[in-house]
Structure formats: C-alpha cells, structure tokens
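Trainee: Input file: start.cif. Contents: mmCIF, C-alpha atoms.
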```
data_run
#
loop_
_atom_site.group_PDB
_atom_site.id
_atom_site.type_symbol
_atom_site.label_atom_id
_atom_site.label_comp_id
_atom_site.auth_asym_id
_atom_site.auth_seq_id
_atom_site.Cartn_x
_atom_site.Cartn_y
_atom_site.Cartn_z
ATOM 1 C CA MET A 161 114.885 -42.112 -132.802
ATOM 2 C CA GLU A 162 118.295 -43.152 -134.118
ATOM 3 C CA SER A 163 121.774 -41.724 -133.395
ATOM 4 C CA GLY A 164 121.555 -38.547 -131.324
ATOM 5 C CA PRO A 165 123.835 -37.381 -128.545
ATOM 6 C CA ASP A 166 123.061 -40.225 -126.131
ATOM 7 C CA CYS A 167 125.048 -42.620 -128.312
ATOM 8 C CA MET A 168 128.061 -41.492 -126.301
ATOM 9 C CA SER A 169 127.294 -43.582 -123.235
ATOM 10 C CA ASP A 170 128.282 -47.165 -123.908
ATOM 11 C CA LYS A 171 125.225 -48.695 -122.200
ATOM 12 C CA PRO A 172 122.281 -46.331 -122.481
ATOM 13 C CA LYS A 173 119.207 -47.143 -120.383
ATOM 14 C CA GLU A 174 116.730 -48.740 -122.728
ATOM 15 C CA GLN A 175 113.915 -46.447 -123.689
ATOM 16 C CA TYR A 176 110.884 -47.669 -125.555
ATOM 17 C CA ASP A 177 108.307 -45.964 -127.644
ATOM 18 C CA ILE A 178 105.453 -47.248 -125.483
ATOM 19 C CA ALA A 179 102.803 -45.515 -127.565
ATOM 20 C CA ALA A 180 104.022 -47.335 -130.686
ATOM 21 C CA ILE A 181 104.040 -50.690 -128.888
ATOM 22 C CA MET A 182 100.504 -50.021 -127.647
ATOM 23 C CA ASN A 183 99.377 -49.033 -131.131
ATOM 24 C CA GLU A 184 100.584 -52.378 -132.446
ATOM 25 C CA ASN A 185 98.711 -54.234 -129.709
ATOM 26 C CA ILE A 186 95.473 -52.281 -129.619
ATOM 27 C CA ASN A 187 93.195 -55.316 -129.616
ATOM 28 C CA VAL A 188 95.303 -57.365 -127.219
ATOM 29 C CA MET A 189 94.952 -54.623 -124.625
ATOM 30 C CA ARG A 190 91.201 -54.867 -124.671
ATOM 31 C CA ASP A 191 91.067 -58.648 -124.709
ATOM 32 C CA VAL A 192 92.824 -58.920 -121.357
ATOM 33 C CA VAL A 193 90.171 -56.703 -119.756
ATOM 34 C CA PRO A 194 86.889 -58.691 -119.579
ATOM 35 C CA TRP A 195 84.768 -55.692 -118.511
ATOM 36 C CA ALA A 196 86.103 -53.668 -121.456
ATOM 37 C CA ASN A 197 85.047 -56.533 -123.711
ATOM 38 C CA GLU A 198 81.592 -56.544 -122.154
ATOM 39 C CA THR A 199 81.113 -52.828 -122.783
ATOM 40 C CA SER A 200 82.665 -53.369 -126.254
ATOM 41 C CA PHE A 201 84.625 -50.167 -126.735
ATOM 42 C CA ARG A 202 87.565 -50.010 -129.131
ATOM 43 C CA VAL A 203 90.830 -48.149 -128.845
ATOM 44 C CA THR A 204 91.494 -46.534 -132.204
ATOM 45 C CA LYS A 205 94.760 -44.639 -131.845
ATOM 46 C CA VAL A 206 97.582 -44.294 -129.334
ATOM 47 C CA GLU A 207 100.000 -41.372 -129.367
ATOM 48 C CA LYS A 208 102.447 -40.333 -126.672
ATOM 49 C CA GLY A 209 100.274 -39.559 -123.641
ATOM 50 C CA HIS A 210 97.147 -39.436 -125.790
ATOM 51 C CA VAL A 211 94.619 -42.173 -126.543
ATOM 52 C CA PHE A 212 91.514 -42.232 -128.754
ATOM 53 C CA GLY A 213 88.656 -44.710 -128.725
ATOM 54 C CA VAL A 214 85.094 -45.438 -129.812
ATOM 55 C CA GLN A 215 82.235 -46.620 -127.632
ATOM 56 C CA PRO A 216 79.485 -48.063 -129.847
ATOM 57 C CA TRP A 217 75.835 -47.956 -128.831
ATOM 58 C CA ALA A 218 74.420 -51.334 -127.806
ATOM 59 C CA GLU A 219 71.108 -52.516 -126.403
ATOM 60 C CA HIS A 220 72.648 -54.160 -123.316
ATOM 61 C CA LEU A 221 74.307 -50.874 -122.309
ATOM 62 C CA VAL A 222 71.109 -48.808 -122.208
ATOM 63 C CA GLY A 223 70.575 -46.954 -118.927
ATOM 64 C CA ASP A 224 67.239 -45.309 -119.679
ATOM 65 C CA PRO A 225 64.743 -47.669 -121.316
ATOM 66 C CA GLU A 226 62.482 -44.757 -122.297
ATOM 67 C CA THR A 227 65.080 -42.878 -124.343
ATOM 68 C CA GLY A 228 67.411 -45.756 -125.227
ATOM 69 C CA ILE A 229 70.445 -43.748 -124.127
ATOM 70 C CA ILE A 230 73.407 -45.715 -122.819
ATOM 71 C CA HIS A 231 74.164 -45.573 -119.112
ATOM 72 C CA GLY A 232 76.634 -43.089 -117.628
ATOM 73 C CA GLY A 233 78.531 -46.007 -116.138
ATOM 74 C CA VAL A 234 79.478 -47.097 -119.655
ATOM 75 C CA ILE A 235 81.017 -43.679 -120.301
ATOM 76 C CA THR A 236 82.783 -43.846 -116.916
ATOM 77 C CA THR A 237 84.245 -47.263 -117.818
ATOM 78 C CA PHE A 238 85.274 -46.000 -121.251
ATOM 79 C CA LEU A 239 86.956 -42.794 -120.048
ATOM 80 C CA ASP A 240 88.561 -44.496 -117.023
ATOM 81 C CA ASN A 241 90.148 -47.040 -119.342
ATOM 82 C CA LEU A 242 91.306 -44.467 -121.892
ATOM 83 C CA CYS A 243 92.820 -42.321 -119.117
ATOM 84 C CA GLY A 244 94.709 -45.303 -117.710
ATOM 85 C CA MET A 245 96.053 -46.129 -121.163
ATOM 86 C CA ALA A 246 97.046 -42.503 -121.753
ATOM 87 C CA CYS A 247 99.215 -42.776 -118.609
ATOM 88 C CA THR A 248 101.011 -45.852 -119.896
ATOM 89 C CA ALA A 249 101.361 -44.189 -123.303
ATOM 90 C CA ALA A 250 103.096 -41.216 -121.670
ATOM 91 C CA MET A 251 105.875 -43.348 -120.176
ATOM 92 C CA THR A 252 109.231 -44.510 -121.434
ATOM 93 C CA GLU A 253 109.064 -47.942 -119.826
ATOM 94 C CA MET A 254 106.047 -50.236 -119.691
ATOM 95 C CA ARG A 255 104.226 -49.640 -116.419
ATOM 96 C CA PHE A 256 100.599 -50.125 -115.527
ATOM 97 C CA VAL A 257 98.508 -47.800 -113.458
ATOM 98 C CA ALA A 258 95.625 -47.972 -110.964
ATOM 99 C CA THR A 259 92.930 -45.316 -110.697
ATOM 100 C CA ILE A 260 93.175 -43.227 -107.518
ATOM 101 C CA ASP A 261 90.170 -41.085 -108.260
ATOM 102 C CA LEU A 262 88.054 -40.051 -111.190
ATOM 103 C CA ARG A 263 85.575 -37.248 -111.635
ATOM 104 C CA ILE A 264 82.966 -37.333 -114.378
ATOM 105 C CA ASP A 265 80.750 -34.437 -115.477
ATOM 106 C CA TYR A 266 77.777 -35.259 -117.663
ATOM 107 C CA MET A 267 77.103 -32.361 -120.035
ATOM 108 C CA ARG A 268 74.401 -33.753 -122.277
ATOM 109 C CA PRO A 269 72.920 -37.141 -123.031
ATOM 110 C CA ALA A 270 74.483 -39.114 -125.862
ATOM 111 C CA ASP A 271 72.323 -39.775 -128.924
ATOM 112 C CA LYS A 272 70.690 -43.138 -129.265
ATOM 113 C CA ARG A 273 72.314 -45.611 -131.670
ATOM 114 C CA ARG A 274 75.315 -43.389 -132.214
ATOM 115 C CA ASP A 275 78.997 -44.081 -131.536
ATOM 116 C CA ILE A 276 80.663 -42.030 -128.825
ATOM 117 C CA ILE A 277 84.203 -40.861 -129.441
ATOM 118 C CA GLY A 278 86.532 -40.693 -126.469
ATOM 119 C CA GLU A 279 89.856 -38.985 -126.076
ATOM 120 C CA ALA A 280 92.152 -39.041 -123.051
ATOM 121 C CA GLU A 281 95.371 -37.235 -122.292
ATOM 122 C CA CYS A 282 97.966 -37.646 -119.591
ATOM 123 C CA TYR A 283 99.119 -34.056 -119.101
ATOM 124 C CA HIS A 284 101.457 -34.509 -116.165
ATOM 125 C CA LEU A 285 103.494 -37.354 -114.825
ATOM 126 C CA THR A 286 105.512 -37.659 -111.634
ATOM 127 C CA ARG A 287 107.465 -40.685 -110.392
ATOM 128 C CA SER A 288 104.387 -42.161 -108.754
ATOM 129 C CA VAL A 289 101.287 -40.314 -110.045
ATOM 130 C CA CYS A 290 99.756 -39.485 -113.444
ATOM 131 C CA PHE A 291 97.281 -36.673 -114.032
ATOM 132 C CA THR A 292 94.746 -37.098 -116.803
ATOM 133 C CA ARG A 293 91.713 -35.590 -118.429
ATOM 134 C CA ALA A 294 89.304 -37.002 -120.979
ATOM 135 C CA TRP A 295 86.444 -36.031 -123.246
ATOM 136 C CA ALA A 296 83.471 -37.898 -124.741
ATOM 137 C CA TYR A 297 81.606 -36.536 -127.768
ATOM 138 C CA HIS A 298 79.908 -37.504 -131.034
ATOM 139 C CA GLU A 299 81.593 -35.132 -133.457
ATOM 140 C CA THR A 300 83.961 -32.629 -131.920
ATOM 141 C CA ARG A 301 85.116 -31.485 -128.518
ATOM 142 C CA ASP A 302 82.956 -28.341 -128.954
ATOM 143 C CA LYS A 303 79.863 -30.373 -128.172
ATOM 144 C CA LEU A 304 80.678 -32.597 -125.242
ATOM 145 C CA ILE A 305 78.717 -35.467 -123.770
ATOM 146 C CA ALA A 306 80.994 -35.806 -120.747
ATOM 147 C CA THR A 307 84.387 -34.866 -119.395
ATOM 148 C CA ALA A 308 86.585 -36.681 -116.922
ATOM 149 C CA ALA A 309 89.552 -35.824 -114.732
ATOM 150 C CA GLY A 310 91.461 -38.601 -113.072
ATOM 151 C CA THR A 311 94.633 -39.325 -111.138
ATOM 152 C CA PHE A 312 96.414 -42.648 -111.357
ATOM 153 C CA ALA A 313 99.048 -44.372 -109.237
ATOM 154 C CA ILE A 314 101.920 -45.915 -111.167
ATOM 155 C CA ASN A 315 102.373 -49.556 -110.242
ATOM 156 C CA LYS A 316 105.814 -50.932 -109.561
ATOM 157 C CA ALA A 317 107.499 -52.537 -112.542
ATOM 158 C CA ARG A 318 106.547 -56.149 -113.265
ATOM 159 C CA LEU A 319 103.186 -56.143 -111.507
ATOM 160 C CA GLY A 320 101.032 -58.238 -113.760
ATOM 161 C CA GLY A 321 103.689 -57.814 -116.395
ATOM 162 C CA SER A 322 103.917 -61.472 -117.336
ATOM 163 C CA THR A 323 100.634 -61.531 -119.241
ATOM 164 C CA THR A 324 100.512 -60.140 -122.725
ATOM 165 C CA MET O 210 50.706 -48.717 -90.170
ATOM 166 C CA ASN O 211 54.373 -47.928 -89.855
ATOM 167 C CA PRO O 212 55.547 -46.215 -93.025
ATOM 168 C CA GLN O 213 59.131 -47.136 -92.151
ATOM 169 C CA LEU O 214 58.420 -50.799 -92.719
ATOM 170 C CA THR O 215 56.211 -50.669 -95.746
ATOM 171 C CA ASN O 216 57.867 -48.378 -98.211
ATOM 172 C CA PRO O 217 55.652 -48.400 -101.315
ATOM 173 C CA ARG O 218 58.713 -47.374 -103.333
ATOM 174 C CA ALA O 219 60.514 -50.621 -102.500
ATOM 175 C CA ASP O 220 58.668 -52.694 -105.115
ATOM 176 C CA GLU O 221 59.331 -50.046 -107.708
ATOM 177 C CA ILE O 222 63.095 -50.338 -107.168
ATOM 178 C CA ASP O 223 62.986 -53.938 -108.292
ATOM 179 C CA ALA O 224 60.869 -53.075 -111.319
ATOM 180 C CA ILE O 225 63.252 -50.276 -112.331
ATOM 181 C CA LEU O 226 66.279 -52.559 -112.109
ATOM 182 C CA LYS O 227 64.555 -55.112 -114.323
ATOM 183 C CA ARG O 228 63.758 -52.437 -116.899
ATOM 184 C CA ILE O 229 67.295 -51.029 -117.170
ATOM 185 C CA PRO O 230 69.278 -53.215 -119.603
ATOM 186 C CA PHE O 231 72.625 -52.012 -118.242
ATOM 187 C CA ALA O 232 71.648 -52.957 -114.661
ATOM 188 C CA GLN O 233 70.889 -56.433 -115.999
ATOM 189 C CA THR O 234 74.252 -56.524 -117.769
ATOM 190 C CA LEU O 235 75.935 -55.770 -114.450
ATOM 191 C CA GLY O 236 73.692 -58.316 -112.760
ATOM 192 C CA MET O 237 72.988 -56.181 -109.688
ATOM 193 C CA ARG O 238 70.010 -56.408 -107.322
ATOM 194 C CA CYS O 239 68.741 -54.514 -104.292
ATOM 195 C CA GLU O 240 67.292 -55.368 -100.923
ATOM 196 C CA VAL O 241 65.088 -52.724 -99.349
ATOM 197 C CA LEU O 242 64.047 -52.462 -95.700
ATOM 198 C CA GLY O 243 62.058 -49.310 -95.076
ATOM 199 C CA ASP O 244 64.177 -46.443 -96.346
ATOM 200 C CA GLU O 245 67.345 -48.524 -96.130
ATOM 201 C CA MET O 246 68.631 -50.204 -99.228
ATOM 202 C CA THR O 247 71.576 -52.504 -99.805
ATOM 203 C CA ALA O 248 72.680 -53.109 -103.368
ATOM 204 C CA ILE O 249 74.392 -56.359 -104.262
ATOM 205 C CA LEU O 250 76.678 -57.038 -107.209
ATOM 206 C CA PRO O 251 77.239 -60.805 -107.404
ATOM 207 C CA PHE O 252 80.659 -61.650 -108.773
ATOM 208 C CA GLN O 253 80.878 -62.550 -112.450
ATOM 209 C CA GLU O 254 83.947 -63.145 -114.581
ATOM 210 C CA LYS O 255 82.961 -60.335 -116.970
ATOM 211 C CA LEU O 256 83.329 -57.729 -114.194
ATOM 212 C CA ILE O 257 87.105 -58.303 -114.048
ATOM 213 C CA GLY O 258 89.332 -55.422 -115.129
ATOM 214 C CA ASN O 259 92.748 -56.980 -114.690
ATOM 215 C CA ILE O 260 93.108 -60.695 -115.361
ATOM 216 C CA ALA O 261 96.633 -60.820 -113.935
ATOM 217 C CA ILE O 262 95.637 -59.723 -110.442
ATOM 218 C CA ARG O 263 91.936 -60.676 -110.785
ATOM 219 C CA ALA O 264 90.622 -57.307 -109.667
ATOM 220 C CA LEU O 265 87.157 -55.949 -110.455
ATOM 221 C CA HIS O 266 87.126 -53.217 -113.103
ATOM 222 C CA GLY O 267 86.884 -49.717 -111.651
ATOM 223 C CA GLY O 268 84.303 -48.848 -114.283
ATOM 224 C CA ALA O 269 82.074 -51.743 -113.217
ATOM 225 C CA ILE O 270 82.303 -50.677 -109.562
ATOM 226 C CA ALA O 271 81.605 -47.043 -110.499
ATOM 227 C CA SER O 272 78.589 -48.079 -112.591
ATOM 228 C CA PHE O 273 77.243 -50.146 -109.691
ATOM 229 C CA LEU O 274 77.701 -47.241 -107.248
ATOM 230 C CA GLU O 275 76.113 -44.735 -109.626
ATOM 231 C CA LEU O 276 73.045 -46.952 -109.988
ATOM 232 C CA THR O 277 72.906 -47.493 -106.208
ATOM 233 C CA ALA O 278 73.044 -43.723 -105.579
ATOM 234 C CA MET O 279 70.388 -43.078 -108.220
ATOM 235 C CA LEU O 280 68.028 -45.685 -106.752
ATOM 236 C CA GLN O 281 68.518 -44.377 -103.210
ATOM 237 C CA VAL O 282 67.448 -40.882 -104.346
ATOM 238 C CA PHE O 283 64.416 -42.425 -106.022
ATOM 239 C CA LEU O 284 63.612 -44.450 -102.888
ATOM 240 C CA VAL O 285 63.462 -41.459 -100.554
ATOM 241 C CA SER O 286 61.784 -39.048 -103.005
ATOM 242 C CA ASP O 287 58.428 -38.929 -104.732
ATOM 243 C CA MET O 288 59.887 -38.564 -108.199
ATOM 244 C CA PRO O 289 58.008 -40.342 -110.985
ATOM 245 C CA ARG O 290 61.246 -41.713 -112.432
ATOM 246 C CA PRO O 291 64.878 -42.122 -111.364
ATOM 247 C CA PRO O 292 66.957 -38.918 -111.350
ATOM 248 C CA LYS O 293 69.606 -37.959 -113.919
ATOM 249 C CA PRO O 294 73.224 -37.666 -112.833
ATOM 250 C CA ILE O 295 75.023 -34.300 -113.094
ATOM 251 C CA ASN O 296 78.460 -35.394 -111.975
ATOM 252 C CA LEU O 297 80.262 -37.851 -109.800
ATOM 253 C CA THR O 298 83.614 -38.404 -108.140
ATOM 254 C CA ILE O 299 84.903 -41.878 -107.439
ATOM 255 C CA ASP O 300 87.650 -42.710 -104.963
ATOM 256 C CA TYR O 301 89.239 -46.097 -105.430
ATOM 257 C CA LEU O 302 90.312 -46.954 -101.901
ATOM 258 C CA ARG O 303 91.203 -50.619 -102.101
ATOM 259 C CA GLN O 304 91.386 -53.315 -104.727
ATOM 260 C CA GLY O 305 88.066 -54.945 -105.551
ATOM 261 C CA HIS O 306 88.630 -58.694 -105.339
ATOM 262 C CA ALA O 307 86.934 -61.357 -107.457
ATOM 263 C CA LYS O 308 83.937 -61.762 -105.142
ATOM 264 C CA ASP O 309 80.546 -60.203 -104.408
ATOM 265 C CA LEU O 310 80.366 -56.471 -103.807
ATOM 266 C CA TYR O 311 77.823 -54.608 -101.659
ATOM 267 C CA ALA O 312 76.865 -50.941 -101.542
ATOM 268 C CA ARG O 313 74.804 -48.439 -99.657
ATOM 269 C CA ALA O 314 74.047 -44.830 -100.516
ATOM 270 C CA TYR O 315 73.174 -41.882 -98.290
ATOM 271 C CA VAL O 316 71.310 -38.837 -99.522
ATOM 272 C CA LEU O 317 73.218 -36.050 -97.787
ATOM 273 C CA LYS O 318 70.907 -33.344 -99.080
ATOM 274 C CA MET O 319 67.653 -33.574 -100.949
ATOM 275 C CA GLY O 320 67.123 -30.139 -102.442
ATOM 276 C CA ARG O 321 64.324 -28.936 -104.665
ATOM 277 C CA ARG O 322 66.471 -29.189 -107.777
ATOM 278 C CA MET O 323 69.443 -31.288 -106.789
ATOM 279 C CA ALA O 324 70.358 -34.150 -104.532
ATOM 280 C CA SER O 325 73.827 -34.793 -103.092
ATOM 281 C CA VAL O 326 74.543 -38.434 -102.518
ATOM 282 C CA ARG O 327 77.402 -40.435 -101.076
ATOM 283 C CA ALA O 328 77.751 -44.150 -101.721
ATOM 284 C CA GLU O 329 80.218 -46.763 -100.551
ATOM 285 C CA ALA O 330 80.998 -50.255 -101.766
ATOM 286 C CA TRP O 331 82.584 -52.966 -99.653
ATOM 287 C CA GLN O 332 83.287 -56.700 -99.698
ATOM 288 C CA GLU O 333 84.394 -58.476 -96.503
ATOM 289 C CA ASN O 334 84.149 -55.625 -94.089
ATOM 290 C CA ARG O 335 81.899 -52.609 -94.307
ATOM 291 C CA ALA O 336 84.406 -50.527 -92.346
ATOM 292 C CA GLU O 337 86.938 -51.070 -95.136
ATOM 293 C CA PRO O 338 85.238 -49.736 -98.258
ATOM 294 C CA VAL O 339 86.630 -50.687 -101.652
ATOM 295 C CA THR O 340 85.290 -47.604 -103.416
ATOM 296 C CA ALA O 341 83.473 -44.412 -102.425
ATOM 297 C CA LEU O 342 81.362 -42.242 -104.680
ATOM 298 C CA MET O 343 80.033 -38.716 -104.330
ATOM 299 C CA ALA O 344 77.390 -37.713 -106.857
ATOM 300 C CA HIS O 345 74.903 -34.996 -107.703
ATOM 301 C CA PHE O 346 71.571 -35.730 -109.347
ATOM 302 C CA LEU O 347 69.002 -33.496 -110.948
ATOM 303 C CA VAL O 348 65.706 -34.083 -109.195
ATOM 304 C CA ALA O 349 63.545 -31.422 -110.829
ATOM 305 C CA GLY O 350 63.037 -29.672 -114.147
ATOM 306 C CA GLU O 351 63.660 -31.344 -117.451
#
```
Spit out the file's structure as structure tokens when you get a sec.
Mentor:
Amino acid sequence: MESGPDCMSDKPKEQYDIAAIMNENINVMRDVVPWANETSFRVTKVEKGHVFGVQPWAEHLVGDPETGIIHGGVITTFLDNLCGMACTAAMTEMRFVATIDLRIDYMRPADKRRDIIGEAECYHLTRSVCFTRAWAYHETRDKLIATAAGTFAINKARLGGSTT
Amino acid sequence: MNPQLTNPRADEIDAILKRIPFAQTLGMRCEVLGDEMTAILPFQEKLIGNIAIRALHGGAIASFLELTAMLQVFLVSDMPRPPKPINLTIDYLRQGHAKDLYARAYVLKMGRRMASVRAEAWQENRAEPVTALMAHFLVAGE
C-alpha cells in the first residue's frame, strides 16, 4: 500500500482500493438501487473481486404459496447484483457495469424462512468486459441452491458517477 | 365451440398470479387470448435499478420474464400447477426505461419431462426487445 517501487515516477496514476471504499459504503450502495431495497438483501463483505451478501426470507418474496419458498427471480436479482458489485470491486478505478447476460441454474429449493447466503466473484477482467460467477447457499458451497455465470460490460468513466 | 377462443386455463392464470406474493410485489398481470398471452409489468418506482440513469433493474426484468415463461408453459399444458424452473439465461439487449414493460413467451418444445421456453420483453417497439430469456422447466416428476 505505501512506498514500493512506483514511488519513482513523480506523478503516479491514482489507484484506489475500490473494495475498501465499497466496504465502507455497503449500505449506501443498496440504497441507491430501489429494486435491491424492495428485495431487501444485504451486502456483508467486499474483497477485491469478491462480494458476499445475505438474502433474507420474506413473505412478499414468496414464489410458491404452497411451500412458502421464495421466488427464483429474487435469487436472480440477488446474484446479478452481487456479480455486478464483484466487477467493480475487481477494478482499480471506480467504474460501474451493466449486465450483458446471466445464466442461472437452480439446484435445489431454498428452505422456507431461512437466509440465503450469496457469494460472487469476478474471475477475469478485460478493458471492456468482466466475467463473473456466483453461488447461493444456506451453509456452505457444498450444498448449493443456485449458481450463476454472468458477463458484464464496463461503462465509461463518469456514467452516473455524480450520485453517491 | 372453438377451443382457441375459450381457453379454460386463462382464468387460472389470473388466479395463480393473485396467489403468488412475489408476482404481486412485482405488480405484473396477464392478458390471455386463446393460447396467446401477453404479460404486462406496469412501471413502478421500486423496479428501478439505477437511479442515476433511471433504468429498470435487470433482476426485476428477469423475474418478470421467468414468471411469464412459467405461466405460458402452464397455459399450454394440462399440469395441475405451474412448472419449476431448472435454469435460465437472460440476455440484456437494451436499457429498460422507466415505463411499462410487456412480454410474451413461446414454448419451443413441450417434452414429457421438460419444456424449453423463450421469452422476450419490450417497451415501445416489439421488434426491439429490451431483454430475452431462454429457460427450461420441469414439467413432470417431483
């Protein structure tokens, strides 16, 4: 973080620890996304290129009234959002991303009235595209509820950048 | 009587939507004519995903398309209840603006165990879809 060989250049290009900035603003990030507020998930931890979150069970999210299990669309929203954040968290300057495509596989139904844990990782990054994968589970990744794979386009700097 | 015009499943679609809390949260409804169904997602502020550019959230659009695809399978089958999704792929083609969204789904193949469905959502112009979905549903065996 400090000193290092790049001190030699008199004006180094500014590099930020985006993951750390995101970690400090975890709740702000959700508040500017109304649909994320509606589905009420929380982001719990941001590391470089890796984001964790929790999707609580709620009555208004139920997709099957007979079993009380939340709808797949809630998991899609959750994982889509975590993947997008994992992209931003993998960068060295603040840029936002837009989903190009997303694939979701539903392995098993989630349990009723139980939190779902989500984890997303951005495993490759080019100048214009991010590649991500994500997992949803109750306890560990050994027993998955759903997986996702998504690609994201990196927006040009400043787009929507004025809002905090 | 022409079975094309009086689909007995049509009334059930409405009842199913009313029973699914998440469909109510989205605020979607469906119009059925024979075996043709158009789903409508009236615009609401809570569906926004990016307040800076006022775009609909991809997750809200995907949820709407998944429900549309599921209901279309139900409409053209004789299943006692809506099918369960196996997987889905969503292509975000254009930005979803802060206005109503429409969708239609096509059952490409209705197998004995699985159904393959394609669905598209549009706003102004049906020839310029906002989002396309491809999904597989389990139609038999629990």
Trainee: Can you work out which residues from chain O touch chain A at a cut-off of 7 Å (counting only C-alpha atoms) and hand them back as a VMD selection string?
Mentor: chain O and resid 228 to 231 234 255 to 262 266 268 to 269 271 to 272 295 to 301
Trainee: Tell me which residues the PyMOL selection byres ((chain A and resi 215) around 6) grabs here, as an mmCIF file with C-alpha atoms, in the coordinates of the input.
Mentor:
```cif
data_model
loop_
_atom_site.group_PDB
_atom_site.id
_atom_site.type_symbol
_atom_site.label_atom_id
_atom_site.label_comp_id
_atom_site.auth_asym_id
_atom_site.auth_seq_id
_atom_site.Cartn_x
_atom_site.Cartn_y
_atom_site.Cartn_z
ATOM 1 C CA PHE A 201 84.625 -50.167 -126.735
ATOM 2 C CA VAL A 214 85.094 -45.438 -129.812
ATOM 3 C CA PRO A 216 79.485 -48.063 -129.847
ATOM 4 C CA ASP A 275 78.997 -44.081 -131.536
ATOM 5 C CA ILE A 276 80.663 -42.030 -128.825
#
```
Trainee: What is the distance, in Å and to one decimal place, between CA of Val211 (chain A) and CA of Ile229 (chain A)?
Mentor: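 Separation between CA of Val211 (chain A) and CA of Ile229 (chain A): 24.3 Å.
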Trainee: Report the distance between CA of Ala330 (chain O) and CA of Asp223 (chain O) in Å, rounded to one decimal place.
Mentor: 19.5 Å
Trainee: Around (61.7, -44.3, -110.5) in the file's own coordinates, what residues are found within 8 Å if you use only C-alpha atoms, given back as a list in words?
Mentor: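 Residues found, by chain and rising number: Glu221, Ile222, Ile225, Leu280, Phe283, Leu284, Met288, Pro289, Arg290, Pro291 and Pro292 of chain O.
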Trainee: Assuming the chain letters and numbering stay as they are in my file, what does the PyMOL selection byres ((chain O and resi 239) around 12) actually select? List them as a VMD selection string.
Mentor: chain O and resid 219 to 227 232 236 to 238 240 to 242 245 to 251 273 to 274 276 to 278 280 to 281 284 310 to 314
Trainee: Would you kindly return, as JSON, numbers by chain, each protein, DNA or RNA residue with an atom no farther than 7 Å from any atom of region 322-326 of chain O, considering all atoms listed in the file and excluding same-chain residues fewer than 5 positions away?
Mentor: {"O": [278, 314, 315, 316, 317, 343, 344, 345, 346, 347, 348, 349]}
Trainee: Using only C-alpha atoms for the distances, tell me which of A:Val289, A:Leu304, A:Val257, A:Ala280 is nearest to Val203 (chain A).
Mentor: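 Residue with the minimum atom-to-atom distance to Val203 (chain A): A:Ala280.
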Trainee: List the residues matched by the PyMOL selection byres ((chain A and resi 210) around 12) in the displayed structure as a VMD selection string, ordered by chain and then by residue number.
Mentor: chain A and resid 178 to 180 182 to 183 203 to 209 211 to 213 242 to 251 278 to 284 292 to 295
Trainee: CA of Leu302 (chain O) and CA of Glu333 (chain O), how far apart in Å?
Mentor: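 Distance reported for this atom pair: 14.0 Å.
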Trainee: Kindly extract all protein, DNA and RNA residues lying within 8 Å of the coordinates (93.1, -54.3, -132.9) given in the file, considering only C-alpha atoms, and supply them as an MDAnalysis selection string.
Mentor: chainID A and resid 184:188 202:204
Trainee: Using all atoms listed in the file, which of O:Arg263, O:Lys293, O:Arg303, O:Arg218 sits nearest Asn334 (chain O)?
Mentor: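 Closest candidate: O:Arg303.
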